[in-house]
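Dumped input01.cif below, it's mmCIF, C-alpha atoms and all ligand atoms:
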```cif
data_structure
#
loop_
_atom_site.label_atom_id
_atom_site.label_comp_id
_atom_site.auth_asym_id
_atom_site.auth_seq_id
_atom_site.Cartn_x
_atom_site.Cartn_y
_atom_site.Cartn_z
CA MET A 1 95.51 16.09 -34.55
CA SER A 2 94.69 18.99 -36.83
CA LEU A 3 97.17 21.49 -38.23
CA ASN A 4 98.02 24.76 -36.54
CA ILE A 5 97.24 27.07 -39.45
CA ASP A 6 98.36 30.24 -37.64
CA GLN A 7 101.73 28.69 -37.07
CA ILE A 8 101.91 27.54 -40.71
CA ARG A 9 101.03 31.06 -41.92
CA GLY A 10 103.92 32.38 -39.87
CA LEU A 11 106.27 30.44 -42.16
CA PHE A 12 105.12 32.35 -45.27
CA PRO A 13 106.41 35.95 -45.31
CA VAL A 14 104.48 36.91 -48.45
CA LEU A 15 101.10 36.32 -46.82
CA HIS A 16 101.62 39.14 -44.34
CA GLN A 17 100.95 42.16 -46.50
CA GLU A 18 98.15 44.40 -47.62
CA VAL A 19 97.01 44.91 -51.21
CA HIS A 20 94.77 47.85 -52.06
CA GLY A 21 94.73 48.61 -48.34
CA LYS A 22 93.26 45.19 -47.45
CA PRO A 23 94.97 42.14 -45.94
CA LEU A 24 96.04 39.82 -48.75
CA ILE A 25 93.92 36.71 -49.22
CA TYR A 26 95.81 34.47 -51.59
CA PHE A 27 93.52 32.09 -53.46
CA ASP A 28 95.61 31.59 -56.61
CA ASN A 29 97.36 28.47 -55.39
CA ALA A 30 96.59 26.34 -58.43
CA ALA A 31 98.63 28.83 -60.46
CA THR A 32 101.50 28.79 -57.98
CA THR A 33 101.77 28.31 -54.24
CA GLN A 34 103.64 30.67 -51.94
CA LYS A 35 107.05 29.63 -50.57
CA PRO A 36 107.86 28.99 -46.93
CA LEU A 37 110.83 30.78 -45.41
CA ALA A 38 112.81 27.52 -45.37
CA VAL A 39 112.73 27.43 -49.19
CA ILE A 40 113.75 31.07 -49.50
CA GLU A 41 116.56 30.57 -46.98
CA ALA A 42 117.76 27.40 -48.73
CA LEU A 43 118.13 29.41 -51.94
CA THR A 44 120.11 32.16 -50.23
CA LYS A 45 122.23 29.68 -48.32
CA TYR A 46 123.13 27.84 -51.50
CA TYR A 47 124.32 31.04 -53.18
CA GLU A 48 126.08 32.28 -50.03
CA PHE A 49 127.95 29.10 -49.14
CA ASP A 50 127.65 26.26 -51.61
CA ASN A 51 127.45 27.67 -55.13
CA SER A 52 129.30 25.34 -57.47
CA ASN A 53 128.68 23.28 -60.57
CA ILE A 54 127.75 19.70 -59.79
CA HIS A 55 128.85 16.18 -60.68
CA ARG A 56 132.24 17.02 -62.13
CA GLY A 57 134.15 19.11 -59.61
CA ALA A 58 137.09 17.82 -57.59
CA HIS A 59 136.61 20.25 -54.72
CA ALA A 60 134.63 20.60 -51.53
CA LEU A 61 131.95 22.99 -52.79
CA ALA A 62 131.24 20.88 -55.86
CA ASP A 63 130.97 17.78 -53.68
CA ARG A 64 128.60 19.53 -51.31
CA ALA A 65 126.38 20.97 -54.05
CA THR A 66 126.27 17.56 -55.77
CA ARG A 67 125.29 15.87 -52.53
CA TYR A 68 122.48 18.35 -51.84
CA TYR A 69 121.25 18.12 -55.43
CA GLU A 70 121.10 14.33 -55.26
CA GLU A 71 119.48 14.48 -51.83
CA THR A 72 116.55 16.33 -53.41
CA ARG A 73 116.30 13.64 -56.07
CA GLU A 74 116.03 11.07 -53.30
CA ALA A 75 113.43 13.23 -51.48
CA VAL A 76 111.35 13.39 -54.68
CA ARG A 77 111.63 9.61 -55.04
CA GLU A 78 110.29 9.23 -51.53
CA PHE A 79 107.60 11.87 -52.13
CA ILE A 80 106.05 9.89 -55.00
CA HIS A 81 107.24 6.48 -53.81
CA ALA A 82 109.23 5.70 -56.94
CA LYS A 83 111.33 2.55 -56.88
CA GLU A 84 114.66 4.33 -57.44
CA ALA A 85 116.06 7.84 -57.56
CA ALA A 86 117.35 7.24 -61.11
CA GLU A 87 113.71 7.37 -62.26
CA ILE A 88 113.47 11.05 -61.24
CA ILE A 89 114.48 13.56 -63.92
CA PHE A 90 114.67 17.27 -63.20
CA THR A 91 113.15 19.51 -65.86
CA LYS A 92 111.92 23.12 -66.06
CA GLY A 93 108.37 22.17 -65.14
CA THR A 94 105.37 20.05 -66.04
CA THR A 95 105.34 21.58 -69.52
CA GLU A 96 108.91 20.56 -70.25
CA SER A 97 108.37 17.11 -68.72
CA ILE A 98 105.46 16.41 -71.07
CA ASN A 99 107.35 17.80 -74.06
CA LEU A 100 110.31 15.61 -73.16
CA VAL A 101 108.12 12.52 -73.39
CA ALA A 102 106.56 13.71 -76.66
CA LYS A 103 109.96 14.36 -78.23
CA THR A 104 111.68 11.17 -77.06
CA PHE A 105 109.16 8.41 -76.35
CA GLY A 106 106.88 9.91 -78.99
CA SER A 107 109.53 10.15 -81.67
CA LYS A 108 110.60 6.54 -81.16
CA PHE A 109 107.39 4.69 -80.38
CA ILE A 110 104.54 6.62 -82.00
CA GLY A 111 104.07 6.39 -85.76
CA LYS A 112 101.58 6.83 -88.56
CA GLY A 113 98.07 5.73 -87.64
CA ASP A 114 98.94 5.24 -83.95
CA GLU A 115 96.66 6.84 -81.40
CA ILE A 116 97.16 9.02 -78.34
CA ILE A 117 94.30 9.52 -75.89
CA ILE A 118 93.86 12.64 -73.77
CA SER A 119 90.76 14.07 -72.05
CA THR A 120 88.57 17.13 -72.58
CA MET A 121 89.87 18.72 -69.38
CA GLU A 122 93.58 18.82 -70.28
CA HIS A 123 95.78 21.86 -69.75
CA HIS A 124 97.19 23.14 -73.04
CA SER A 125 100.55 21.69 -72.04
CA ASN A 126 98.99 18.22 -72.26
CA ILE A 127 97.33 18.94 -75.60
CA VAL A 128 99.70 20.92 -77.78
CA PRO A 129 102.80 18.64 -77.53
CA TRP A 130 100.64 15.70 -78.68
CA GLN A 131 99.10 17.69 -81.52
CA MET A 132 102.61 18.63 -82.65
CA LEU A 133 103.67 14.99 -82.49
CA CYS A 134 100.56 13.79 -84.33
CA GLU A 135 101.16 16.33 -87.05
CA GLU A 136 104.75 15.24 -87.45
CA LYS A 137 104.03 11.52 -87.39
CA GLY A 138 100.58 11.19 -88.87
CA ALA A 139 99.28 9.86 -85.55
CA ILE A 140 95.76 10.50 -84.26
CA LEU A 141 94.65 12.32 -81.12
CA ARG A 142 91.54 10.96 -79.41
CA VAL A 143 89.70 12.86 -76.68
CA ILE A 144 87.73 11.41 -73.75
CA PRO A 145 84.46 13.33 -73.33
CA ILE A 146 83.20 14.58 -69.97
CA ASN A 147 79.81 15.05 -68.31
CA GLU A 148 78.26 18.29 -67.02
CA ALA A 149 79.88 17.80 -63.62
CA GLY A 150 83.30 17.73 -65.26
CA GLU A 151 84.01 14.00 -64.89
CA ILE A 152 85.37 11.81 -67.68
CA LEU A 153 82.91 9.39 -69.25
CA TYR A 154 84.81 6.24 -68.42
CA GLU A 155 82.83 3.98 -70.75
CA GLU A 156 83.64 6.34 -73.62
CA PHE A 157 87.31 6.09 -72.70
CA GLU A 158 87.09 2.30 -72.86
CA LYS A 159 85.58 2.56 -76.32
CA LEU A 160 88.50 4.70 -77.50
CA LEU A 161 91.09 2.13 -76.42
CA SER A 162 92.39 -0.20 -79.11
CA PRO A 163 95.64 -1.90 -80.10
CA LYS A 164 96.44 1.33 -81.97
CA THR A 165 96.57 3.24 -78.66
CA LYS A 166 100.21 3.89 -77.80
CA LEU A 167 99.80 6.45 -75.06
CA VAL A 168 97.16 7.77 -72.70
CA SER A 169 98.12 11.15 -71.27
CA ILE A 170 95.68 12.43 -68.69
CA VAL A 171 95.51 15.00 -65.95
CA HIS A 172 95.38 13.52 -62.45
CA ALA A 173 93.51 16.54 -61.02
CA SER A 174 92.12 19.31 -63.20
CA ASN A 175 93.48 22.82 -62.67
CA ALA A 176 90.30 24.43 -64.00
CA LEU A 177 87.67 22.30 -62.23
CA GLY A 178 89.47 20.43 -59.48
CA THR A 179 88.15 17.05 -60.70
CA ILE A 180 90.24 14.10 -59.56
CA ASN A 181 90.29 11.54 -62.35
CA PRO A 182 90.01 7.78 -61.71
CA VAL A 183 93.57 7.32 -62.92
CA LYS A 184 94.19 3.87 -61.46
CA LYS A 185 91.34 2.44 -63.54
CA VAL A 186 92.53 4.38 -66.59
CA ILE A 187 96.06 3.05 -66.21
CA ASP A 188 94.99 -0.58 -65.81
CA ALA A 189 92.68 -0.38 -68.83
CA ALA A 190 95.35 1.32 -70.99
CA HIS A 191 97.94 -1.26 -70.00
CA SER A 192 95.65 -4.08 -71.04
CA PHE A 193 96.01 -2.70 -74.60
CA GLY A 194 99.78 -2.32 -74.24
CA ALA A 195 99.60 1.49 -74.09
CA LYS A 196 101.78 3.57 -71.77
CA VAL A 197 100.26 6.16 -69.44
CA LEU A 198 101.47 9.64 -68.53
CA LEU A 199 99.85 11.42 -65.60
CA ASP A 200 99.90 15.20 -65.48
CA GLY A 201 100.40 15.60 -61.74
CA ALA A 202 100.74 19.40 -61.75
CA GLN A 203 97.68 19.79 -59.54
CA SER A 204 97.46 16.44 -57.76
CA THR A 205 100.90 16.24 -56.16
CA SER A 206 100.27 19.06 -53.67
CA HIS A 207 97.01 17.57 -52.41
CA LEU A 208 97.02 13.80 -52.82
CA GLU A 209 99.24 11.04 -51.52
CA ILE A 210 101.12 9.81 -54.59
CA ASN A 211 102.49 6.32 -55.05
CA VAL A 212 103.66 5.84 -58.62
CA GLN A 213 104.39 2.15 -58.06
CA ASP A 214 100.91 1.54 -56.78
CA LEU A 215 99.35 3.60 -59.57
CA ASN A 216 101.65 1.81 -62.00
CA CYS A 217 101.82 4.87 -64.29
CA ASP A 218 104.68 4.91 -66.78
CA PHE A 219 105.30 8.66 -66.47
CA MET A 220 104.29 11.42 -64.12
CA ALA A 221 104.97 15.11 -64.71
CA PHE A 222 104.77 17.88 -62.11
CA SER A 223 106.12 21.30 -61.12
CA ALA A 224 107.95 22.33 -57.94
CA HIS A 225 106.34 25.79 -57.88
CA LYS A 226 102.89 24.33 -57.23
CA LEU A 227 104.34 22.38 -54.31
CA TYR A 228 105.58 25.31 -52.19
CA GLY A 229 108.89 25.09 -54.09
CA PRO A 230 110.76 27.35 -56.50
CA THR A 231 109.73 28.28 -60.05
CA GLY A 232 111.56 27.01 -63.09
CA LEU A 233 111.81 23.46 -61.82
CA GLY A 234 109.82 20.34 -62.55
CA VAL A 235 110.01 16.59 -62.41
CA LEU A 236 109.50 13.83 -64.87
CA TYR A 237 109.10 10.44 -63.27
CA GLY A 238 109.47 7.48 -65.61
CA LYS A 239 109.77 3.76 -65.07
CA ARG A 240 113.38 2.68 -65.52
CA GLU A 241 112.72 0.31 -68.43
CA VAL A 242 110.67 2.94 -70.26
CA LEU A 243 113.23 5.72 -69.73
CA GLU A 244 116.03 3.40 -70.81
CA SER A 245 114.19 2.55 -74.01
CA MET A 246 113.87 6.23 -74.97
CA PRO A 247 116.37 8.32 -76.93
CA PRO A 248 117.83 11.37 -75.15
CA PHE A 249 116.06 14.73 -75.18
CA LEU A 250 118.70 17.46 -75.45
CA GLY A 251 122.31 16.81 -76.43
CA GLY A 252 125.22 18.34 -74.54
CA GLY A 253 127.34 18.00 -71.43
CA GLU A 254 126.41 15.65 -68.58
CA MET A 255 124.17 13.44 -70.71
CA ILE A 256 127.03 11.58 -72.38
CA LYS A 257 129.25 8.67 -71.46
CA GLU A 258 131.81 9.23 -74.21
CA VAL A 259 132.02 11.61 -77.14
CA THR A 260 134.09 11.19 -80.26
CA PHE A 261 133.45 12.86 -83.60
CA GLU A 262 132.40 9.49 -84.95
CA LYS A 263 129.98 8.47 -82.23
CA THR A 264 128.63 9.46 -78.84
CA THR A 265 127.42 7.08 -76.18
CA TYR A 266 124.89 8.28 -73.67
CA ASN A 267 124.99 8.42 -69.92
CA GLU A 268 122.73 6.37 -67.70
CA ILE A 269 119.35 7.58 -66.46
CA PRO A 270 118.60 10.10 -65.07
CA PHE A 271 121.64 11.97 -66.43
CA LYS A 272 120.84 10.97 -70.02
CA PHE A 273 117.90 13.40 -69.77
CA GLU A 274 119.64 16.21 -67.89
CA ALA A 275 121.90 17.84 -70.47
CA GLY A 276 123.88 20.90 -69.43
CA THR A 277 124.15 22.64 -66.06
CA PRO A 278 120.82 22.10 -64.36
CA ASN A 279 118.83 24.41 -62.12
CA ILE A 280 121.01 23.53 -59.12
CA ALA A 281 119.87 26.19 -56.65
CA ASP A 282 116.18 25.54 -57.15
CA VAL A 283 116.61 21.78 -56.98
CA ILE A 284 118.42 22.14 -53.67
CA ALA A 285 115.80 24.54 -52.28
CA PHE A 286 112.99 22.23 -53.43
CA LYS A 287 114.01 19.77 -50.72
CA ALA A 288 112.92 22.30 -48.09
CA ALA A 289 109.47 22.42 -49.72
CA LEU A 290 109.21 18.64 -49.72
CA ASP A 291 110.26 18.55 -46.07
CA PHE A 292 107.57 21.13 -45.29
CA ILE A 293 104.90 18.92 -46.86
CA LYS A 294 106.30 15.79 -45.24
CA ASP A 295 106.23 17.38 -41.79
CA LEU A 296 102.60 18.43 -42.13
CA THR A 297 101.69 15.16 -43.86
CA LYS A 298 99.56 14.93 -46.99
CA PRO A 299 96.45 13.53 -45.27
CA GLU A 300 96.42 16.48 -42.83
CA ILE A 301 96.92 18.96 -45.67
CA LYS A 302 94.14 17.33 -47.70
CA ALA A 303 91.75 17.23 -44.73
CA HIS A 304 92.26 20.95 -44.12
CA GLU A 305 91.88 21.86 -47.80
CA ASP A 306 88.79 19.64 -48.15
CA SER A 307 87.19 21.41 -45.20
CA LEU A 308 87.92 24.80 -46.83
CA LEU A 309 86.35 23.67 -50.10
CA ALA A 310 83.28 22.26 -48.34
CA TYR A 311 82.89 25.52 -46.41
CA ALA A 312 83.27 27.61 -49.58
CA LYS A 313 80.65 25.50 -51.37
CA GLU A 314 78.30 25.82 -48.42
CA LEU A 315 78.66 29.60 -48.18
CA THR A 316 78.25 30.24 -51.90
CA LYS A 317 75.53 27.76 -52.84
CA ASP A 318 72.58 30.07 -52.18
CA ILE A 319 74.09 33.22 -53.66
CA LYS A 320 71.77 34.37 -56.42
CA GLY A 321 73.58 34.31 -59.75
CA PHE A 322 76.42 32.09 -58.50
CA ILE A 323 77.17 29.37 -61.08
CA PRO A 324 79.65 26.69 -60.01
CA VAL A 325 81.67 25.15 -62.84
CA GLY A 326 82.87 21.60 -62.16
CA THR A 327 80.87 19.76 -59.56
CA ALA A 328 82.62 16.39 -59.62
CA LYS A 329 82.30 14.15 -56.57
CA GLU A 330 86.06 13.77 -56.23
CA LYS A 331 87.80 17.12 -56.22
CA VAL A 332 90.92 18.89 -55.02
CA SER A 333 90.43 22.29 -53.42
CA VAL A 334 89.42 24.31 -56.47
CA LEU A 335 86.26 26.42 -56.60
CA SER A 336 85.60 27.47 -60.18
CA PHE A 337 82.56 29.62 -60.86
CA ASN A 338 80.88 32.39 -62.77
CA ILE A 339 78.50 35.11 -61.73
CA ASN A 340 75.49 35.39 -63.92
CA GLY A 341 75.78 38.30 -66.35
CA MET A 342 79.38 39.14 -65.50
CA HIS A 343 82.68 38.58 -67.24
CA PRO A 344 85.03 36.52 -65.04
CA PHE A 345 87.76 39.13 -65.43
CA ASP A 346 85.53 41.83 -63.95
CA VAL A 347 84.69 39.59 -61.01
CA GLY A 348 88.42 38.97 -60.50
CA GLN A 349 89.14 42.71 -60.53
CA MET A 350 86.42 43.39 -58.00
CA LEU A 351 87.73 40.65 -55.72
CA ASP A 352 91.26 41.98 -56.12
CA ALA A 353 90.05 45.37 -54.90
CA LYS A 354 89.01 43.54 -51.72
CA GLY A 355 92.50 42.03 -51.37
CA ILE A 356 91.39 38.62 -52.67
CA ALA A 357 93.67 37.09 -55.30
CA VAL A 358 91.92 34.67 -57.66
CA ARG A 359 92.58 33.65 -61.25
CA THR A 360 90.17 34.37 -64.08
CA GLY A 361 89.99 33.26 -67.69
CA HIS A 362 90.34 29.96 -69.50
CA HIS A 363 93.09 28.58 -67.22
CA CYS A 364 94.95 27.20 -70.28
CA THR A 365 92.02 24.85 -70.89
CA GLN A 366 90.25 26.46 -73.84
CA PRO A 367 88.70 23.21 -75.18
CA LEU A 368 87.26 22.57 -71.71
CA MET A 369 85.73 26.05 -71.57
CA LYS A 370 84.27 25.43 -75.02
CA ARG A 371 82.74 22.18 -73.76
CA PHE A 372 80.90 24.19 -71.10
CA GLY A 373 80.03 26.94 -73.58
CA ILE A 374 81.78 29.62 -71.52
CA GLU A 375 84.69 31.94 -72.05
CA GLY A 376 86.25 31.32 -68.70
CA THR A 377 85.70 31.10 -64.97
CA VAL A 378 86.76 32.72 -61.74
CA ARG A 379 88.93 30.24 -59.87
CA ALA A 380 89.66 30.29 -56.16
CA SER A 381 92.10 27.54 -55.23
CA PHE A 382 93.01 26.78 -51.64
CA ALA A 383 96.27 25.75 -50.00
CA VAL A 384 97.26 24.62 -46.54
CA TYR A 385 97.80 28.17 -45.24
CA ASN A 386 94.29 29.37 -46.11
CA THR A 387 91.73 29.82 -43.36
CA LYS A 388 87.99 29.60 -42.81
CA SER A 389 87.81 33.32 -42.16
CA GLU A 390 89.38 33.94 -45.60
CA ILE A 391 86.70 31.73 -47.13
CA GLU A 392 84.06 33.84 -45.37
CA LYS A 393 85.58 37.00 -46.89
CA LEU A 394 85.52 35.38 -50.32
CA ALA A 395 81.87 34.38 -49.94
CA GLU A 396 80.96 37.88 -48.70
CA GLY A 397 82.80 39.43 -51.63
CA VAL A 398 81.17 37.13 -54.16
CA ALA A 399 77.73 37.78 -52.64
CA GLN A 400 78.26 41.54 -52.86
CA ILE A 401 79.37 41.36 -56.48
CA ALA A 402 76.51 39.03 -57.40
CA ARG A 403 73.95 41.28 -55.70
CA PHE A 404 75.16 44.16 -57.75
CA LYS A 405 74.27 42.26 -60.97
CA ASN A 406 71.52 39.88 -59.87
CA LYS A 407 69.08 41.98 -57.89
N1 LIG B 1 99.13 20.89 -66.19
C1 LIG B 1 98.30 21.40 -65.27
C2 LIG B 1 97.11 20.62 -64.84
C3 LIG B 1 98.58 22.65 -64.72
O1 LIG B 1 97.76 23.16 -63.80
C4 LIG B 1 99.73 23.35 -65.14
C5 LIG B 1 100.05 24.73 -64.59
N2 LIG B 1 98.97 25.60 -64.57
C6 LIG B 1 100.56 22.76 -66.09
C7 LIG B 1 100.22 21.53 -66.60
C8 LIG B 1 101.80 23.43 -66.58
O2 LIG B 1 102.71 23.59 -65.53
P1 LIG B 1 103.99 24.52 -65.69
O3 LIG B 1 103.48 25.85 -66.21
O4 LIG B 1 104.55 24.61 -64.32
O5 LIG B 1 104.89 23.86 -66.66
#
```
Whole structure, structure tokens version:
Amino acid sequence: MSLNIDQIRGLFPVLHQEVHGKPLIYFDNAATTQKPLAVIEALTKYYEFDNSNIHRGAHALADRATRYYEETREAVREFIHAKEAAEIIFTKGTTESINLVAKTFGSKFIGKGDEIIISTMEHHSNIVPWQMLCEEKGAILRVIPINEAGEILYEEFEKLLSPKTKLVSIVHASNALGTINPVKKVIDAAHSFGAKVLLDGAQSTSHLEINVQDLNCDFMAFSAHKLYGPTGLGVLYGKREVLESMPPFLGGGEMIKEVTFEKTTYNEIPFKFEAGTPNIADVIAFKAALDFIKDLTKPEIKAHEDSLLAYAKELTKDIKGFIPVGTAKEKVSVLSFNINGMHPFDVGQMLDAKGIAVRTGHHCTQPLMKRFGIEGTVRASFAVYNTKSEIEKLAEGVAQIARFKNK
């Protein structure tokens, strides 16, 4: 049974508008996905009926808000098949989740001469926190090289592994290229050297079935806003024993068991890592996004998105001057490209004039762009509500722009 895309589009108010006098075609989903009405309504409902601080109130609203908040935690557990809800920590986003690990796990377990491995295709948020840590600790950052297609050179990764490796932090699916990395193999190999593994799931969680127990990763970081959910909210998954071994991140309310001026004892996980009043409304609304995905099912979503990507590749492959960037065999629905002789930003502007929203630039992956010897790309990224006819409009638009420059 395939998805009813018209019906799905009906759930997204934002899609039904014109920009520059043309119907909006939203292909900037890797930056952030649009939100279904259920998420928007859950936010309003929370503020209209349930608004209260959680975990400490002795009244009905506080009980209700706490229950809803914890129900989302359980829904996230189910979404990534974690063993227990206590392994799910709410953060501001992927960026904060990775920084949390750098500041806590990193500060305790990574020292002078230790090594951290990342890959060439990392987002800046999976580069900079480790550089900061390495600078502070005298640790060393190692980088897995990639081939022309944008795939990691696995044998080179194996050569980088040693008893000095304390952490491998790698993107599950690349935001700039779409490449899906062979993370299971990476995790098993890293574990054989006693290293822990963090997966940046910012781009994989919306497309791929995720089972953190099966993958056996130690951490996974992702953002709600790329999963049809609200902005300002993310998740850090960590294995219980690893999270328990780590010092807290921020100090304050909620994360303590007992405070005296002499000594403070810390709360249990996940609360140990959730200091202060959290982003209650967005956490509660996030459950509606997870329910949306669950109802459609990941395999159905992926099948639809794969067919869009295949169609886009087919329609663009013979366009003169069209240069695809990232041609890995295993990809999520990201089409990154350049047009010969044109700056990606100009291509983006010309597509925008046609009502087509894409992202242009380095996509927060400057070292990756350098590897390809380019300044940036034009990126069209597809979500479940996109259609074949939108892909045709994109291909027509790209062909027109390319003709203009590549006669
Ligand atoms: N990693 C990857 C692969 C991403 O695509 C992004 C968002 N573009 C991030 C990390 C950072 O996510 P956020 O800005 O939501 O913290």
Skipping near chain neighbours, those fewer than 6 positions away, what residues fall within 8 Å of Pro247 in chain A using only C-alpha atoms, listed as a PyMOL selection string? chain A and resi 104-105+108
Neighbouring residues of ligand LIG 1 (chain B) are defined here as those with any atom at most 8 Å from a ligand atom, counting only C-alpha atoms and all ligand atoms; list them as a VMD selection string. chain A and resid 30 to 32 92 to 97 122 to 126 171 to 176 200 to 203 222 to 226 231 to 234 363 to 364
Could you give me, as JSON, numbers by chain, the residues within 6 Å of Ser333 in chain A, counting all atoms listed in the file and dropping anything in the same chain fewer than 3 positions from it? {"A": [305, 309, 381, 382]}
Write out as a PyMOL selection string each polymer residue whose atoms come within 7 Å of range 248-261 of chain A, counting only C-alpha atoms; drop sequence neighbours fewer than 6 positions from it. chain A and resi 100+103-104+267+271-276
Would you be able to write out as an MDAnalysis selection string which residues have an atom within 10 Å of (119.8, 5.9, -66.6) in the file's coordinates, counting only C-alpha atoms? chainID A and resid 85:89 240:241 243:245 255 266:273
Go through range 55-135 of chain A residue by residue and, counting all atoms listed in the file, keep those with an atom at most 10 Å from range 139-150 of chain A; for each kept residue give the shortest atom pair and its distance in Å to one decimal, ordered by chain and increasing number, as a Markdown table.
```
| residue | atom | partner | partner_atom | distance |
| --- | --- | --- | --- | --- |
| A:Ile110 | CA | A:Ala139 | CA | 7.1 |
| A:Gly111 | CA | A:Ala139 | CA | 5.9 |
| A:Lys112 | CA | A:Ala139 | CA | 4.9 |
| A:Gly113 | CA | A:Ala139 | CA | 4.8 |
| A:Asp114 | CA | A:Ala139 | CA | 4.9 |
| A:Glu115 | CA | A:Ile140 | CA | 4.7 |
| A:Ile116 | CA | A:Leu141 | CA | 5.0 |
| A:Ile117 | CA | A:Arg142 | CA | 4.7 |
| A:Ile118 | CA | A:Val143 | CA | 5.1 |
| A:Ser119 | CA | A:Ile144 | CA | 4.4 |
| A:Thr120 | CA | A:Pro145 | CA | 5.6 |
| A:Met121 | CA | A:Gly150 | CA | 7.8 |
| A:Glu122 | CA | A:Val143 | CA | 9.6 |
| A:Ile127 | CA | A:Leu141 | CA | 9.0 |
| A:Trp130 | CA | A:Leu141 | CA | 7.3 |
| A:Gln131 | CA | A:Leu141 | CA | 7.0 |
| A:Met132 | CA | A:Ala139 | CA | 9.8 |
| A:Leu133 | CA | A:Ala139 | CA | 7.4 |
| A:Cys134 | CA | A:Ala139 | CA | 4.3 |
| A:Glu135 | CA | A:Ala139 | CA | 6.9 |
```
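What separates CA of Lys263 in chain A from CA of Ile54 in chain A is a distance of 25.2 Å.
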Looking at A:Glu18, A:Asn279, A:Asp28, A:Phe157, which one is nearest to Ala65 in chain A, with distances taken over only C-alpha atoms? A:Asn279
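Each of A:Met342, A:Phe286, A:Pro129, A:Ala281 was compared to Asp50 in chain A using only C-alpha atoms, and A:Ala281 turns out to be the nearest.
Across the structure, CA of Thr387 in chain A and CA of Pro23 in chain A are spaced 13.0 Å apart.
CA of Lys185 in chain A is positioned 26.7 Å from CA of Ser307 in chain A.
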Nearby residues, (98.9, 2.1, -75.5) file frame, 6 Å, only C-alpha atoms, as a PyMOL selection string: chain A and resi 165-167+190+193-196
